[in-house]
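The next block is target16.txt, given as compact mmCIF, C-alpha atoms.
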# COMPACT_ATOMS: atom_id res chain seq x y z
CA MET A 1 97.08 81.70 88.97
CA ASN A 2 97.42 78.17 90.25
CA CYS A 3 99.85 76.94 92.92
CA LEU A 4 102.13 75.27 90.38
CA LEU A 5 102.55 78.53 88.45
CA VAL A 6 103.34 80.52 91.61
CA SER A 7 105.72 77.82 92.83
CA THR A 8 107.63 77.68 89.54
CA GLU A 9 107.92 81.47 89.28
CA GLU A 10 109.21 81.74 92.84
CA LYS A 11 111.66 78.90 92.22
CA ILE A 12 113.02 80.75 89.17
CA LYS A 13 113.30 84.04 91.07
CA GLU A 14 115.16 82.46 93.98
CA ALA A 15 117.51 80.63 91.62
CA ALA A 16 118.08 83.77 89.56
CA LYS A 17 118.87 85.81 92.66
CA ALA A 18 121.48 83.28 93.81
CA VAL A 19 123.12 83.01 90.39
CA PHE A 20 123.09 86.75 89.65
CA LEU A 21 124.60 87.50 93.08
CA GLU A 22 127.37 85.01 92.41
CA LYS A 23 128.12 85.75 88.74
CA GLY A 24 126.57 89.13 87.94
CA PHE A 25 124.55 89.87 84.80
CA ASP A 26 127.30 89.31 82.23
CA GLY A 27 128.51 86.07 83.79
CA THR A 28 125.04 84.51 84.02
CA THR A 29 123.18 82.61 81.30
CA THR A 30 119.55 81.56 81.23
CA ARG A 31 120.84 78.00 81.21
CA ASP A 32 122.60 78.66 84.54
CA ILE A 33 119.37 79.89 86.08
CA ALA A 34 117.30 77.05 84.68
CA LYS A 35 119.81 74.52 86.04
CA ALA A 36 119.79 76.16 89.50
CA ALA A 37 115.97 76.16 89.48
CA GLY A 38 115.83 72.51 88.39
CA ILE A 39 113.83 73.23 85.24
CA ASN A 40 114.54 73.28 81.50
CA SER A 41 115.40 76.47 79.59
CA ALA A 42 112.17 76.41 77.58
CA LEU A 43 110.08 76.50 80.76
CA MET A 44 112.13 79.37 82.15
CA ASN A 45 111.68 81.35 78.94
CA TYR A 46 107.93 80.76 79.23
CA TYR A 47 107.85 82.64 82.55
CA PHE A 48 110.53 85.25 81.82
CA ARG A 49 111.05 86.13 78.17
CA SER A 50 114.59 87.47 78.60
CA LYS A 51 117.52 87.45 80.98
CA GLU A 52 117.39 91.26 81.08
CA LYS A 53 113.75 91.28 82.19
CA LEU A 54 114.42 88.75 84.93
CA PHE A 55 117.57 90.58 86.01
CA GLN A 56 115.74 93.91 86.27
CA PHE A 57 113.14 92.30 88.50
CA ILE A 58 115.82 90.76 90.74
CA PHE A 59 117.90 93.95 90.85
CA ASN A 60 114.92 96.10 91.85
CA ASP A 61 113.89 93.52 94.43
CA LEU A 62 117.37 93.45 95.99
CA CYS A 63 117.61 97.27 96.05
CA SER A 64 114.20 97.44 97.70
CA PHE A 65 115.31 94.80 100.20
CA MET A 66 118.45 96.81 100.90
CA PHE A 67 116.76 100.19 101.43
CA GLN A 68 113.22 99.37 102.55
CA GLY A 69 114.38 97.60 105.69
CA MET A 70 116.46 100.65 106.60
CA LEU A 71 113.50 102.95 105.99
CA ASP A 72 111.30 100.79 108.21
CA VAL A 73 113.84 101.10 111.05
CA VAL A 74 114.52 104.84 110.73
CA ASN A 75 110.80 105.58 110.97
CA GLN A 76 110.17 103.52 114.10
CA PRO A 77 109.08 105.52 117.20
CA ILE A 78 112.08 104.49 119.34
CA SER A 79 115.01 106.32 120.92
CA LEU A 80 117.93 107.44 118.79
CA ARG A 81 120.42 105.14 120.51
CA GLU A 82 118.14 102.13 120.06
CA LYS A 83 117.52 103.10 116.44
CA ILE A 84 121.23 103.19 115.64
CA SER A 85 121.65 99.76 117.23
CA LYS A 86 118.72 98.40 115.17
CA LEU A 87 120.09 99.92 111.95
CA ILE A 88 123.41 98.18 112.55
CA ASP A 89 121.63 94.90 113.32
CA HIS A 90 119.52 95.23 110.17
CA GLN A 91 122.56 95.85 107.98
CA PHE A 92 124.37 92.95 109.59
CA GLN A 93 121.54 90.45 109.13
CA MET A 94 120.96 91.59 105.56
CA MET A 95 124.62 91.09 104.69
CA MET A 96 124.82 87.75 106.52
CA GLN A 97 121.99 86.51 104.30
CA ASN A 98 123.44 88.09 101.13
CA PRO A 99 127.20 88.58 101.57
CA ASN A 100 127.71 89.38 97.86
CA LEU A 101 124.98 92.04 97.79
CA THR A 102 127.20 95.15 97.96
CA ILE A 103 129.63 94.02 95.25
CA PHE A 104 126.71 92.89 93.08
CA ILE A 105 124.90 96.24 93.25
CA MET A 106 128.07 98.31 92.77
CA ASN A 107 129.16 96.24 89.77
CA GLU A 108 125.77 96.51 88.11
CA LEU A 109 125.53 100.26 88.73
CA HIS A 110 128.91 100.69 87.00
CA ARG A 111 127.75 98.46 84.17
CA ASN A 112 124.44 100.24 83.77
CA PRO A 113 124.35 103.67 85.51
CA GLU A 114 120.67 104.12 84.60
CA ARG A 115 119.84 101.63 87.32
CA LEU A 116 121.08 104.21 89.83
CA TYR A 117 117.87 106.20 89.54
CA ALA A 118 115.82 103.50 91.27
CA THR A 119 118.26 103.22 94.18
CA VAL A 120 118.66 106.98 94.58
CA GLY A 121 114.90 107.38 94.80
CA MET A 122 114.77 105.06 97.82
CA ALA A 123 117.92 106.53 99.42
CA LYS A 124 116.47 110.05 99.25
CA LYS A 125 113.67 109.03 101.60
CA ILE A 126 116.10 108.69 104.53
CA PRO A 127 116.61 112.48 105.00
CA GLU A 128 112.81 112.77 105.23
CA SER A 129 112.61 110.20 108.03
CA ILE A 130 111.98 110.40 111.77
CA PHE A 131 115.65 109.46 112.20
CA HIS A 132 116.73 112.66 110.47
CA GLN A 133 114.43 114.71 112.71
CA GLN A 134 115.76 112.98 115.83
CA ILE A 135 119.35 113.76 114.82
CA ASP A 136 118.54 117.46 114.28
CA GLU A 137 116.72 117.68 117.62
CA ALA A 138 119.54 115.91 119.51
CA ILE A 139 122.13 118.26 117.97
CA ALA A 140 120.04 121.31 118.92
CA GLN A 141 119.79 119.99 122.49
CA GLY A 142 123.55 119.40 122.67
CA ALA A 143 122.95 115.70 123.31
CA ILE A 144 125.09 114.38 120.45
CA THR A 145 128.11 115.38 118.39
CA HIS A 146 127.27 117.69 115.49
CA LEU A 147 127.02 115.08 112.74
CA SER A 148 124.39 114.88 110.02
CA SER A 149 122.15 111.85 109.56
CA GLN A 150 123.78 111.28 106.16
CA HIS A 151 127.23 110.94 107.78
CA ILE A 152 125.86 108.65 110.48
CA MET A 153 124.20 106.39 107.91
CA THR A 154 127.43 106.29 105.89
CA MET A 155 129.39 105.27 109.01
CA ILE A 156 126.92 102.48 109.73
CA VAL A 157 126.73 101.15 106.18
CA ALA A 158 130.48 101.40 105.53
CA ASN A 159 131.47 99.61 108.74
CA ILE A 160 129.08 96.72 108.05
CA GLN A 161 129.43 96.33 104.31
CA PHE A 162 133.23 96.42 104.24
CA LEU A 163 133.23 93.55 106.72
CA PHE A 164 131.54 91.41 104.06
CA VAL A 165 133.33 92.85 101.03
CA SER A 166 136.60 91.86 102.70
CA LYS A 167 135.25 88.49 103.92
CA PRO A 168 137.53 86.26 101.77
CA MET A 169 140.62 88.20 102.88
CA THR A 170 139.56 88.14 106.54
CA MET A 171 138.91 84.40 106.45
CA LEU A 172 142.20 83.65 104.72
CA ALA A 173 144.32 85.97 106.89
CA ASN A 174 142.83 84.65 110.13
CA GLY A 175 142.37 81.00 109.14
CA LEU A 176 138.60 81.15 109.62
CA ASP A 177 135.92 78.83 108.27
CA GLU A 178 132.31 79.99 107.81
CA ALA A 179 131.45 79.39 111.47
CA GLY A 180 134.58 81.23 112.54
CA PHE A 181 133.81 84.19 110.32
CA LYS A 182 130.25 84.38 111.66
CA ALA A 183 131.58 84.48 115.24
CA PHE A 184 134.15 87.12 114.26
CA ALA A 185 131.55 89.24 112.45
CA THR A 186 129.04 88.99 115.30
CA GLN A 187 131.67 90.25 117.76
CA HIS A 188 132.78 92.98 115.34
CA ILE A 189 129.23 94.34 115.10
CA GLU A 190 129.16 94.93 118.85
CA TYR A 191 132.41 96.91 118.53
CA VAL A 192 130.86 98.97 115.71
CA LYS A 193 127.83 99.80 117.88
CA GLU A 194 130.08 100.82 120.76
CA MET A 195 132.39 102.87 118.54
CA ILE A 196 129.61 104.83 116.82
CA CYS A 197 127.59 105.45 119.98
CA ASP A 198 130.67 106.44 122.02
CA TYR A 199 131.61 108.96 119.32
CA LEU A 200 128.09 110.28 118.79
CA PHE A 201 126.55 110.51 122.26
CA LYS A 202 128.01 112.90 124.76
CA PRO A 203 128.79 111.62 128.29
CA GLU A 204 125.86 111.32 130.70
CA THR A 205 123.41 111.40 127.77
CA ALA A 206 120.57 108.92 127.33
CA THR A 207 118.70 110.06 124.25
This structure in C-alpha cells:
Amino acid sequence: MNCLLVSTEEKIKEAAKAVFLEKGFDGTTTRDIAKAAGINSALMNYYFRSKEKLFQFIFNDLCSFMFQGMLDVVNQPISLREKISKLIDHQFQMMMQNPNLTIFIMNELHRNPERLYATVGMAKKIPESIFHQQIDEAIAQGAITHLSSQHIMTMIVANIQFLFVSKPMTMLANGLDEAGFKAFATQHIEYVKEMICDYLFKPETAT
C-alpha cells in the first residue's frame, strides 16, 4: 500500500469521525464526509463502499478508544489512589478531545442496540483488572469505604462525562467561551478527584 493510499484513507477516517460525532449516522451523508476530507464522493466510495461500513469502523474505533485507555490505566502497577487520579485524568483528556463522544455513543446504541455487544465486551474486562483486585484488598484491609469497583468507575465516568454533556448549558449560564470552559473544567476535575478520594479513603490511609 503506497503512502498516497494510506494518507487518503486516514484523511477519510478523520473526516468521518468529526462529521459522525457532530451529526450522528442519520444526519451524515457520504457527501458531507467527502467534503470534510477534501475529496470527491467517487474517491470516497472507492475506499469505503458504504456509509454503514465506514460508520461501523469509526464506531468501533471510538468505543475502543473510550474503553481501552481505561483498561490500560486500571492494569497499571500503581497505588489505588494514584490509579483513581489517572482514571479521572484519562476520562477528562478523552472528553476534552471528543466532547460529543458520550452523546454520540448513547444515540447510536439507542438507534442500533446490536452495537452494544462490542462495548459490553470491553466493559466486562474492567472487573477482571488489577484495579478490581486492589479495591477488594483495600476493603478487606479496612482502608477504604465498602464500595465496589463498578460503583467507583460509575462515579468517575458520570462526574466527567456529564461535565461535557452539559457543556453548552454551562457555557451559556456562566457566560464562558471555549477558553473559559476549559479553565472551569480543569478546576472541576480537581474537585472531582478530591470528592471521590475523600469519600473513598478512610482518614490516615495512604493506599
Exercise. Give me, please, the distance in Å between CA of Phe48 (chain A) and CA of Ala16 (chain A), quoted to one decimal.
Key: 10.9 Å
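With only C-alpha atoms as the atoms that count, the minimum distance from Ser7 (chain A) to the choices A:Tyr47, A:Ala42, A:Asn60, A:Leu87 is reached by A:Tyr47.
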Quiz prompt | Shell around Met94 (chain A) at 10 Å using only C-alpha atoms, local window under 3 positions removed, as a ChimeraX atom specification | solution = /A:65-66,69,88-91,97-99,101,160-161
Quiz item: Is there a way to get, as a PyMOL selection string, all residues within 10 Å of the point (126.7, 105.1, 119.4) in file coordinates, counting only C-alpha atoms?
Solution: chain A and resi 80-85+144+152+192-202
Quiz item: From the list A:Ala140, A:Leu109, A:Ile103, A:Leu71, which residue is nearest Glu22 (chain A) when using all atoms listed in the file?
Solution: A:Ile103
